[in-house]
Structure formats: structure tokens, C-alpha cells
Amino acid sequence: MGKIDIGLSMLHCLGEPFTNLCKRLRTASVNHVELVDDGWHSLDQERVKTLAKIAEDHTLVYTLHSPFADINIAAPAEDMRNFVMKRLSKSMGFAGKLECRIVVFHPGFRTGISDFYPGMDWEINIESVRKLLRLAKKHEVNIAIENCPEPFGFLLKDIKQFSRFFTELGEDIDLVLDVGHSNINSQTHAFIESFGDRIVHIHAHDNNGEHDQHLGIGLGSVDWSKFREDIENTPFSGLVMVESIDHLHESITTLQKLFT
Ligand SMILES: [Mn+2]
């Protein structure tokens, strides 16, 4: 295990206007913050300037969660998919300007017509990830793909799917381990054991093992000391981002204690 810093995802205030996000950033208790380029916090040039200034004034280092609402990189219709890729490319451009350490994105998901075309969304997903890797190079940003939760139709939720994906992709891609998501299919240990050397970023939140509740750390069934032990056996060095939607202060403190 290398150097680990605890950060805070701004997902918890996505329901508040952009001006509130800015206020929260100015008074953040951590130096590492994950912005969410979606909803009321969707980025544009003007906002990027504002956020860059806040980072400078308050010594913040950003990571970026690329948009995910209606963003399906495995969308079967080419025109829809092209639009999705364009939006993700735009997000990477903003991330570059904000000097984000990492850009997180979600895998594609199944649609209402998937059953008629077995295996097609899997292939499209892989092709889109290859395109995203090329776009990331162009924008000079580091991208990483996140494990998504049950019971949704995401194509990459468990270690079996990820193993197949990494093999078939044939290129290097980094992994964002979402501990809340892996808790739902009881695979946190399995993810760390199987892909410990690929994990470059971690999302931390808790749940009851059934629903993606994004609870405060320690308020669900995640075994955090086991998680800490597992991470210790990997070369992981980077950020553990609190992605809870409440009990933020306690969650940050708990993880800081766990990792120091
Ligand atoms: Mn996450």
C-alpha cells in the first residue's frame, strides 16, 4: 500500500444549485474533492473557470466523475452513442483544464432491446471503452472505469465480467473500486484480490448489502477493517473518496483514522 488520501465526492449536494457547490468547496475540510459533471453541477467553460479559481484559492485538487444520467456507452443506436461519446469527451476536456487527477466513468448497460441481439451490447461497450481511452490520451487525462451495482443492467458489476472485459479489451484500463457497489454482490474482497494492481481510485460509502444507499461509513454492512487489510496487500496509492450522501464529516474522520 502506498500513500493514501481521503477525499470527498460532491455527489451529496448534487440536488443543490451550483452556487451552493462553490460555497461548500470553499469551506471543504479536505483537499481532495470529486466533482460530478451532471445534473445541476454540469460543467461549462464559465464554471470551469470558477472552479479553477476556487481550487487555487483553497488548495483543492480535483477528480471528476463524468456524466452518468442517460449516458450509455453501449447504446445500440449509433447516433445516440455518438452523442454520449461527445459528451464524455467534453467532460474530459473540462477535467484537463481543471487538472483532475482522474476521470471516472461508468460501463454501458443493457437496454429494452438487448435480448434480441445477444452479446451486442458487450461488444459495443468494449469498442466504446477503446474510443474513450483514445479520447483520454487526446485530452491528456487519466480515465478509469467503475464497478456498478446490482440490480441494474450494467454490463460490468462482478469480477467474472471484469476479468472477461480486461482480457477482451486487450488494452490497459484502470479500475475505480466502488466499495458500496461491491458490497451489494459481496465481492469487495474478491475485487481487491483479483484486480488489486489495477485499482487507482476508490469510492467509499456504505449500505445494507441490498440497496445502493450511499450511507455514511460504518452505518451499513461493509467490513471496513477487512477492506483496510485487503488494500494493504495491494500497491494501491491514491484517493479514497467518500461518496456517502450524509454523515460526511464522520465518514471522512473514520476513513482518515483507518488509513493512518
Ligand atoms: Mn461510485
# chains A, B, ... in the order shown; residues from 1 in each chain; ligands from 1
>>> residues_near_ligand(ligand="ligand 1", cutoff="10 Å", atoms="only C-alpha atoms and all ligand atoms", output="list of chain:residue names")
A:Ser9, A:Leu11, A:His65, A:Val104, A:Phe105, A:His106, A:Glu146, A:Asn147, A:Cys148, A:Pro149, A:Val176, A:Leu177, A:Asp178, A:Val179, A:Gly180, A:His181, A:Ile202, A:His203, A:Ala204, A:His205, A:Asp212, A:His214, A:Met241, A:Val242, A:Glu243, A:Ser244
>>> residues_around(residues="Glu168 of chain A", least_positions_apart="2", cutoff="12 Å", atoms="only C-alpha atoms", output="number ranges by chain")
A: 122-123, 125-127, 129-130, 161-166, 170-173
>>> closest_residue(among="A:Ile124, A:Ile54, A:Leu135, A:Cys22", to="Leu88 of chain A", atoms="only C-alpha atoms")
A:Leu135
>>> select_by_dssp(residues="segment 11-239 of chain A", states="alpha helix (DSSP H)", output="PyMOL selection string")
chain A and resi 18-26+45-58+78-97+120-139+159-169+179-184+188-195+224-232
>>> write_last_selection(atoms="C-alpha atoms", output="tab-separated table (two decimals), in the first residue's frame")
chain	number	residue	atom	x	y	z
A	18	PHE	CA	-24.05	25.25	-8.48
A	19	THR	CA	-23.51	28.31	-6.26
A	20	ASN	CA	-24.01	26.09	-3.18
A	21	LEU	CA	-21.45	23.64	-4.53
A	22	CYS	CA	-18.98	26.52	-4.78
A	23	LYS	CA	-19.73	27.60	-1.21
A	24	ARG	CA	-19.19	24.04	0.02
A	25	LEU	CA	-15.89	23.78	-1.89
A	26	ARG	CA	-14.61	26.99	-0.30
A	45	GLN	CA	-16.36	26.93	-19.63
A	46	GLU	CA	-17.55	29.58	-17.18
A	47	ARG	CA	-17.98	27.11	-14.33
A	48	VAL	CA	-14.61	25.56	-15.05
A	49	LYS	CA	-13.03	29.00	-14.58
A	50	THR	CA	-14.87	29.48	-11.28
A	51	LEU	CA	-13.85	26.02	-10.05
A	52	ALA	CA	-10.21	26.53	-11.09
A	53	LYS	CA	-10.12	29.76	-9.08
A	54	ILE	CA	-11.59	28.03	-6.02
A	55	ALA	CA	-9.00	25.25	-6.32
A	56	GLU	CA	-6.23	27.81	-6.45
A	57	ASP	CA	-7.51	29.86	-3.51
A	58	HIS	CA	-8.25	26.87	-1.28
A	78	GLU	CA	-25.05	4.77	-33.30
A	79	ASP	CA	-26.32	8.35	-33.32
A	80	MET	CA	-27.25	8.17	-29.62
A	81	ARG	CA	-23.90	6.60	-28.80
A	82	ASN	CA	-22.01	9.25	-30.76
A	83	PHE	CA	-23.73	11.91	-28.70
A	84	VAL	CA	-22.82	10.08	-25.48
A	85	MET	CA	-19.18	9.86	-26.54
A	86	LYS	CA	-19.16	13.53	-27.48
A	87	ARG	CA	-20.50	14.45	-24.04
A	88	LEU	CA	-17.87	12.28	-22.31
A	89	SER	CA	-15.16	13.82	-24.46
A	90	LYS	CA	-16.35	17.29	-23.43
A	91	SER	CA	-16.20	16.20	-19.80
A	92	MET	CA	-12.60	15.03	-20.27
A	93	GLY	CA	-11.76	18.42	-21.78
A	94	PHE	CA	-13.07	20.16	-18.65
A	95	ALA	CA	-11.17	17.67	-16.48
A	96	GLY	CA	-7.97	18.54	-18.34
A	97	LYS	CA	-8.49	22.25	-17.68
A	120	MET	CA	-24.07	-6.97	-28.97
A	121	ASP	CA	-24.03	-4.52	-26.07
A	122	TRP	CA	-20.99	-6.32	-24.63
A	123	GLU	CA	-19.09	-5.76	-27.90
A	124	ILE	CA	-20.22	-2.14	-28.21
A	125	ASN	CA	-19.18	-1.49	-24.62
A	126	ILE	CA	-15.65	-2.72	-25.33
A	127	GLU	CA	-15.41	-0.70	-28.55
A	128	SER	CA	-16.57	2.45	-26.72
A	129	VAL	CA	-14.03	1.94	-23.92
A	130	ARG	CA	-11.27	1.75	-26.57
A	131	LYS	CA	-12.55	5.03	-28.01
A	132	LEU	CA	-12.63	6.62	-24.55
A	133	LEU	CA	-9.01	5.58	-23.98
A	134	ARG	CA	-8.05	7.33	-27.23
A	135	LEU	CA	-10.03	10.44	-26.23
A	136	ALA	CA	-8.35	10.46	-22.82
A	137	LYS	CA	-4.94	10.46	-24.50
A	138	LYS	CA	-6.01	13.39	-26.66
A	139	HIS	CA	-7.22	15.36	-23.63
A	159	ILE	CA	-15.32	-9.93	-11.03
A	160	LYS	CA	-16.23	-12.51	-13.67
A	161	GLN	CA	-17.46	-9.79	-16.01
A	162	PHE	CA	-14.43	-7.59	-15.28
A	163	SER	CA	-12.00	-10.49	-15.89
A	164	ARG	CA	-13.55	-11.14	-19.27
A	165	PHE	CA	-13.63	-7.41	-20.04
A	166	PHE	CA	-9.95	-6.86	-19.18
A	167	THR	CA	-8.94	-9.85	-21.33
A	168	GLU	CA	-11.04	-8.93	-24.34
A	169	LEU	CA	-10.22	-5.22	-24.20
A	179	VAL	CA	-16.82	-0.40	-2.18
A	180	GLY	CA	-20.54	0.26	-1.71
A	181	HIS	CA	-21.29	-1.33	-5.06
A	182	SER	CA	-19.06	-4.35	-4.44
A	183	ASN	CA	-20.72	-4.80	-1.03
A	184	ILE	CA	-24.04	-5.47	-2.75
A	188	THR	CA	-15.19	-6.33	-2.12
A	189	HIS	CA	-12.53	-8.83	-1.07
A	190	ALA	CA	-12.71	-10.61	-4.45
A	191	PHE	CA	-12.28	-7.34	-6.39
A	192	ILE	CA	-9.24	-6.31	-4.36
A	193	GLU	CA	-7.73	-9.79	-4.55
A	194	SER	CA	-8.30	-10.11	-8.31
A	195	PHE	CA	-7.56	-6.58	-9.51
A	224	TRP	CA	-14.17	-1.54	6.74
A	225	SER	CA	-11.32	-3.06	8.73
A	226	LYS	CA	-11.26	-6.05	6.37
A	227	PHE	CA	-11.28	-3.59	3.47
A	228	ARG	CA	-8.31	-1.77	5.01
A	229	GLU	CA	-6.46	-5.09	5.44
A	230	ASP	CA	-7.16	-6.11	1.84
A	231	ILE	CA	-5.98	-2.77	0.44
A	232	GLU	CA	-2.79	-3.04	2.50
>>> closest_residue(among="A:Gly220, A:Pro107, A:Gly7, A:Gly2", to="Thr253 of chain A", atoms="only C-alpha atoms")
A:Gly7
